[in-house]
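This report concerns only the one structure given below.
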Number of protein chains: 2
Amino acid sequence: MAGHKLDPIDRQILAELQADGRMTNVELASRVGISAPPCLRRVRALEEAGYIRGYHADIDARELGFEVQVFAMVRLNSQAEADLSAFEARCRAWPLVRECHMLNGEIDFILKCVAPDLSTFQTFLTEELLKADHVANVKTSLVIRCAKDEPGLPFDVLEARLARNA
Amino acid sequence: MAGHKLDPIDRQILAELQADGRMTNVELASRVGISAPPCLRRVRALEEAGYIRGYHADIDARELGFEVQVFAMVRLNSQAEADLSAFEARCRAWPLVRECHMLNGEIDFILKCVAPDLSTFQTFLTEELLKADHVANVKTSLVIRCAKDEPGLPFDVLEARLARNA
DNA sequence: AGGAATGCGCAATAATATTTCAATCCCAAG
DNA sequence: CTTGGGATTGAAATATTATTGCGCATTCCT
């Protein structure tokens with residue numbers, strides 16, 4: 001099991017920064033129960049080691065004029081690695097596609113897309129996605145509403161698991 | 001169209017903080033071309049107004065021992081609002097479910113789930129999700145690999161759109 | 001024009017980040 | 001035991017940043 005080089009303080013640092021990425025180091029140190037300098041060193045080490053990929057402001061899409069969110073389920077007519085990679089590269093280049101996950105089962109890829117309005121998305125769908133190489137079939141579903149969108153990981157589950165294995 | 005009370009500096013602030021949520025205010029101010037005090041005032045205003053929902057560290061799930069990510073497509077046997085809401089409430093209470101979106105079309109909900117391993121997910125699936133009220137059908141797909149996972153919004157698309165409408 | 005409102009930047013102060021360094025803890029070898 | 005090395009800590013000092021107060025410029029609306 002991974003993450004074993006982390007002690008409880010490290011994990012708590014990750015949990016706190018996941019909950020509030022702009023917390024000051026002084027506040028963070030006080031929460032995890034150590035002084036500021038070692039706390040900062042731990043944060044830097046966690047960043048270096050790749051546990052922390054980055055920090056991002058979470059911005060309200062609708063407030064900014066992105067009214068439409070869509071999940072697109074994509075099937076290709078070839079599962080050769082070269083074709084899969086080529087499709088992934090296309091996805092990375094499309095700004096409306098925010099996430100692209102390769103799946104097992106009948107669906108090859110699921111994409112999470114955003115757009116300012118439906119017609120923008122339709123244009124993207126018909127002119128770009130459906131015309132991409134080896135795309136056999138795309139099923140799209142509009143997001144009606146979002147009940148939960150928690151960035152990050154359930155640290156309580158992780159702690160429970162570590163306690164059990166201890 | 002929303003977001004019209006924002007000037008180009010505000011939008012650039014959002015874009016910068018989306019890219020690096022821990023940027024210092026001094027750095028941010030210099031990037032957007034104003035001095036620190038008004039820059040900070042703008043950030044606070046954007047937070048107050050709800051454009052910025054929060055800031056989060058982006059943490060590598062696999063490094064922490066969450067080996068499994070799954071998309072679950074859920075259909076209910078009732079689309080009464082009370083039943084939909086009840087299901088959403090269940091999702092919010094399940095830590096393994098990180099996202100829950102209500103969709104149009106044949107699928108009612110799509111869930112993004114994480115788990116330390118497959119058996120943990122299977123237990124959740126059979127003991128929790130499949131036994132939840134009004135759940136008619138669940139199709140799950142394991143994430144094989146993730147080609148793109150960009151938090152946030154494509155500000156370049158937004159700017160292009162605003163330029164066109166100007 | 002005139003006056004209010006908005007928003008800027010400078011300067012001063014408060015808070016925080018970061019470096020330095022000596023003391024402590026832990027563990028393994030003698 | 002005890003002793004030495006490595007790692008980690010926290011106090012103090014310094015550098016950097018955040019925050020407040022205030023006067024000035026610009027805009028906008030009479």
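Each chain in the structure tokens gets a letter, A, B and so on, in the order shown; residues start at 1 in every chain, and ligands are counted from 1 in the order they appear.
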For a quick test of understanding: name the residues of chain B lying within 8 Å of chain D when counting only C-alpha atoms (C1' of nucleotides), and present them as a PDB file with all heavy atoms, in the first residue's frame.
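Here's the written file result-v1.pdb:
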```
ATOM      1  N   THR B  24       1.249  34.406  -4.215  1.00  0.00           N
ATOM      2  CA  THR B  24       1.140  35.529  -3.278  1.00  0.00           C
ATOM      3  C   THR B  24       0.407  36.677  -3.951  1.00  0.00           C
ATOM      4  O   THR B  24       0.383  36.785  -5.181  1.00  0.00           O
ATOM      5  CB  THR B  24       2.517  36.027  -2.821  1.00  0.00           C
ATOM      6  OG1 THR B  24       3.179  36.619  -3.939  1.00  0.00           O
ATOM      7  CG2 THR B  24       3.348  34.900  -2.255  1.00  0.00           C
ATOM      8  N   ASN B  25      -0.164  37.518  -3.120  1.00  0.00           N
ATOM      9  CA  ASN B  25      -0.892  38.656  -3.660  1.00  0.00           C
ATOM     10  C   ASN B  25       0.037  39.607  -4.406  1.00  0.00           C
ATOM     11  O   ASN B  25      -0.362  40.210  -5.400  1.00  0.00           O
ATOM     12  CB  ASN B  25      -1.598  39.392  -2.525  1.00  0.00           C
ATOM     13  CG  ASN B  25      -2.433  40.532  -3.045  1.00  0.00           C
ATOM     14  OD1 ASN B  25      -3.311  40.338  -3.868  1.00  0.00           O
ATOM     15  ND2 ASN B  25      -2.121  41.741  -2.587  1.00  0.00           N
ATOM     16  N   VAL B  26       1.261  39.731  -3.938  1.00  0.00           N
ATOM     17  CA  VAL B  26       2.236  40.585  -4.610  1.00  0.00           C
ATOM     18  C   VAL B  26       2.497  40.073  -6.024  1.00  0.00           C
ATOM     19  O   VAL B  26       2.460  40.832  -7.001  1.00  0.00           O
ATOM     20  CB  VAL B  26       3.553  40.627  -3.799  1.00  0.00           C
ATOM     21  CG1 VAL B  26       4.621  41.363  -4.571  1.00  0.00           C
ATOM     22  CG2 VAL B  26       3.320  41.287  -2.458  1.00  0.00           C
ATOM     23  N   PRO B  37      -2.530  46.436  -3.058  1.00  0.00           N
ATOM     24  CA  PRO B  37      -3.776  46.671  -2.319  1.00  0.00           C
ATOM     25  C   PRO B  37      -5.040  46.522  -3.159  1.00  0.00           C
ATOM     26  O   PRO B  37      -5.935  45.763  -2.753  1.00  0.00           O
ATOM     27  CB  PRO B  37      -3.592  48.093  -1.782  1.00  0.00           C
ATOM     28  CG  PRO B  37      -2.115  48.278  -1.703  1.00  0.00           C
ATOM     29  CD  PRO B  37      -1.562  47.526  -2.856  1.00  0.00           C
TER      30      PRO B  37
END
```
#### Entry: chain C contacts to chain A at 12 Å (only C-alpha atoms (C1' of nucleotides)) as a PyMOL selection string
chain C and resi 15-20
### Task
Give me, as a PyMOL selection string, the contact residues of chain B against chain A at a cut-off of 8 Å, counting only C-alpha atoms.
chain B and resi 1-3+14+17-22+50-65+88-89+91-92+95-96+98-105+114+116+141-154+157-158
May I have the residues from that selection written out with C-alpha atoms, as a tab-separated table (two decimals), in the first residue's frame?
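As written to disk, again.tsv reads:
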```tsv
chain	number	residue	atom	x	y	z
B	1	MET	CA	-24.82	36.36	-20.24
B	2	ALA	CA	-23.32	36.14	-16.77
B	3	GLY	CA	-19.99	37.42	-15.58
B	14	LEU	CA	-9.46	34.32	-11.66
B	17	LEU	CA	-5.61	31.87	-9.14
B	18	GLN	CA	-7.10	28.92	-10.94
B	19	ALA	CA	-3.67	28.07	-12.28
B	20	ASP	CA	-1.89	28.66	-8.97
B	21	GLY	CA	-4.09	29.12	-5.96
B	22	ARG	CA	-1.22	29.77	-3.60
B	50	GLY	CA	-19.05	33.72	-5.02
B	51	TYR	CA	-16.94	33.67	-8.16
B	52	ILE	CA	-14.27	31.94	-6.09
B	53	ARG	CA	-15.73	29.07	-4.11
B	54	GLY	CA	-12.51	28.17	-2.34
B	55	TYR	CA	-8.96	27.01	-2.74
B	56	HIS	CA	-7.81	23.42	-2.65
B	57	ALA	CA	-4.58	21.50	-2.83
B	58	ASP	CA	-4.70	18.99	-5.66
B	59	ILE	CA	-3.50	15.73	-4.18
B	60	ASP	CA	-2.31	12.67	-6.06
B	61	ALA	CA	-4.83	9.94	-5.25
B	62	ARG	CA	-2.64	7.00	-6.26
B	63	GLU	CA	0.29	8.22	-4.17
B	64	LEU	CA	-1.99	8.18	-1.17
B	65	GLY	CA	-3.23	4.69	-1.73
B	88	GLU	CA	-28.50	12.88	-3.80
B	89	ALA	CA	-28.50	13.09	-0.03
B	91	CYS	CA	-24.44	10.37	-2.24
B	92	ARG	CA	-23.36	13.35	-0.17
B	95	PRO	CA	-17.25	9.41	1.33
B	96	LEU	CA	-16.23	7.20	-1.61
B	98	ARG	CA	-16.71	12.38	-4.74
B	99	GLU	CA	-19.04	13.69	-7.42
B	100	CYS	CA	-22.72	13.18	-8.12
B	101	HIS	CA	-24.31	14.75	-11.20
B	102	MET	CA	-27.90	14.45	-12.26
B	103	LEU	CA	-28.13	13.91	-16.02
B	104	ASN	CA	-30.77	14.00	-18.71
B	105	GLY	CA	-31.39	10.97	-20.92
B	114	VAL	CA	-12.58	6.56	-5.42
B	116	PRO	CA	-8.26	2.21	-1.89
B	141	SER	CA	-16.61	1.46	-15.36
B	142	LEU	CA	-13.12	1.40	-13.94
B	143	VAL	CA	-10.81	4.21	-14.91
B	144	ILE	CA	-7.87	2.66	-16.71
B	145	ARG	CA	-5.94	5.85	-17.06
B	146	CYS	CA	-6.56	9.56	-17.02
B	147	ALA	CA	-5.46	11.53	-20.05
B	148	LYS	CA	-6.64	14.91	-18.85
B	149	ASP	CA	-7.90	16.28	-15.59
B	150	GLU	CA	-7.77	20.05	-15.69
B	151	PRO	CA	-9.37	21.66	-12.72
B	152	GLY	CA	-11.48	24.64	-13.59
B	153	LEU	CA	-12.45	26.49	-16.68
B	154	PRO	CA	-10.98	27.41	-20.05
B	157	VAL	CA	-12.58	30.34	-24.47
B	158	LEU	CA	-14.21	32.91	-22.25
```
### Message
Can you pull out the residues contacting region 31-35 of chain B? Cut-off 7 Å, using only C-alpha atoms (C1' of nucleotides), and skip same-chain residues under 3 positions away; I want them as a PyMOL selection string.
### Response
(chain B and resi 9+12-13+27-28+38-39) or (chain C and resi 9)
Could you write those residues out with N, CA and C atoms (P, O5', C5', C4', C3', O3' and C1' of nucleotides), as a CSV table (one decimal), in the first residue's frame?
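Just written: result.csv:
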```
chain,number,residue,atom,x,y,z
B,9,ILE,N,-9.3,42.6,-15.8
B,9,ILE,CA,-8.4,42.4,-14.7
B,9,ILE,C,-9.0,41.3,-13.7
B,12,GLN,N,-8.6,38.0,-15.3
B,12,GLN,CA,-7.2,37.5,-15.3
B,12,GLN,C,-6.8,37.0,-13.9
B,13,ILE,N,-7.3,37.7,-12.9
B,13,ILE,CA,-7.1,37.3,-11.5
B,13,ILE,C,-7.7,35.9,-11.3
B,27,GLU,N,2.7,38.8,-6.1
B,27,GLU,CA,3.0,38.2,-7.4
B,27,GLU,C,1.8,38.3,-8.3
B,28,LEU,N,0.6,38.1,-7.8
B,28,LEU,CA,-0.6,38.2,-8.5
B,28,LEU,C,-0.8,39.6,-9.1
B,38,PRO,N,-5.2,47.2,-4.3
B,38,PRO,CA,-6.4,47.0,-5.1
B,38,PRO,C,-6.5,45.5,-5.5
B,39,CYS,N,-5.4,44.9,-5.8
B,39,CYS,CA,-5.5,43.5,-6.2
B,39,CYS,C,-6.1,42.6,-5.1
C,9,DG,P,-2.5,50.7,-9.5
C,9,DG,O5',-1.7,51.7,-8.6
C,9,DG,C5',-1.3,52.9,-9.1
C,9,DG,C4',-0.7,53.8,-8.0
C,9,DG,C3',0.5,53.1,-7.2
C,9,DG,O3',1.5,54.1,-7.0
C,9,DG,C1',-1.3,53.7,-5.7
```
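Computed from the coordinates, the CA of Arg75 (chain A) to CA of Leu118 (chain A) distance equals 22.1 Å.
Interatomic distance, CA of Ala136 (chain B) to CA of Val68 (chain A): 27.1 Å.
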### Query
If you run DSSP on this backbone, which residues of region 17-97 of chain A come out as alpha helix (DSSP H), and could you give them as a ChimeraX atom specification?
/A:17-19,25-32,36-48,81-93
Expected file contents, prior selection, C-alpha atoms, as a PDB file, in the first residue's frame:
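Resulting contents of result_6.pdb:
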```
ATOM      1  CA  LEU A  17      -4.500  21.990   2.482  1.00  0.00           C
ATOM      2  CA  GLN A  18      -7.060  20.056   0.514  1.00  0.00           C
ATOM      3  CA  ALA A  19      -9.797  21.748   2.516  1.00  0.00           C
ATOM      4  CA  ASN A  25       1.643  28.289   7.062  1.00  0.00           C
ATOM      5  CA  VAL A  26       1.279  29.655  10.588  1.00  0.00           C
ATOM      6  CA  GLU A  27      -2.356  28.572  10.740  1.00  0.00           C
ATOM      7  CA  LEU A  28      -1.512  25.196   9.244  1.00  0.00           C
ATOM      8  CA  ALA A  29       1.300  24.643  11.725  1.00  0.00           C
ATOM      9  CA  SER A  30      -0.960  25.451  14.635  1.00  0.00           C
ATOM     10  CA  ARG A  31      -3.625  23.061  13.375  1.00  0.00           C
ATOM     11  CA  VAL A  32      -1.288  20.127  12.973  1.00  0.00           C
ATOM     12  CA  ALA A  36       5.936  26.962  11.504  1.00  0.00           C
ATOM     13  CA  PRO A  37       9.404  26.067  10.169  1.00  0.00           C
ATOM     14  CA  PRO A  38       9.115  22.277  10.206  1.00  0.00           C
ATOM     15  CA  CYS A  39       5.587  22.615   8.929  1.00  0.00           C
ATOM     16  CA  LEU A  40       6.769  24.572   5.919  1.00  0.00           C
ATOM     17  CA  ARG A  41       9.522  22.055   5.294  1.00  0.00           C
ATOM     18  CA  ARG A  42       6.990  19.250   5.311  1.00  0.00           C
ATOM     19  CA  VAL A  43       4.762  21.070   2.854  1.00  0.00           C
ATOM     20  CA  ARG A  44       7.678  21.657   0.518  1.00  0.00           C
ATOM     21  CA  ALA A  45       8.683  18.011   0.805  1.00  0.00           C
ATOM     22  CA  LEU A  46       5.146  16.876   0.012  1.00  0.00           C
ATOM     23  CA  GLU A  47       5.138  19.119  -3.041  1.00  0.00           C
ATOM     24  CA  GLU A  48       8.532  17.830  -4.141  1.00  0.00           C
ATOM     25  CA  GLU A  81      -2.730   1.815 -28.386  1.00  0.00           C
ATOM     26  CA  ALA A  82      -1.706   4.288 -31.073  1.00  0.00           C
ATOM     27  CA  ASP A  83      -5.327   5.196 -31.735  1.00  0.00           C
ATOM     28  CA  LEU A  84      -6.174   5.479 -28.067  1.00  0.00           C
ATOM     29  CA  SER A  85      -3.203   7.769 -27.494  1.00  0.00           C
ATOM     30  CA  ALA A  86      -4.068   9.842 -30.518  1.00  0.00           C
ATOM     31  CA  PHE A  87      -7.571  10.391 -29.197  1.00  0.00           C
ATOM     32  CA  GLU A  88      -6.227  11.377 -25.798  1.00  0.00           C
ATOM     33  CA  ALA A  89      -3.951  13.897 -27.435  1.00  0.00           C
ATOM     34  CA  ARG A  90      -6.935  15.418 -29.229  1.00  0.00           C
ATOM     35  CA  CYS A  91      -8.779  15.697 -25.942  1.00  0.00           C
ATOM     36  CA  ARG A  92      -5.900  17.479 -24.306  1.00  0.00           C
ATOM     37  CA  ALA A  93      -5.974  20.035 -27.096  1.00  0.00           C
TER      38      ALA A  93
END
```
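Rounded to one decimal, CA of Ser119 (chain B) and CA of Val135 (chain B) lie 20.9 Å from each other.
Using only C-alpha atoms, the shortest contact distance between Ala132 (chain B) and any of B:Arg164, B:Thr120, B:Glu159, B:Val74 is found at B:Val74.
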### Picked from region 36-104 of chain A by DSSP as strand (DSSP E or B), as a PyMOL selection string
chain A and resi 52-59+68-76+97-103
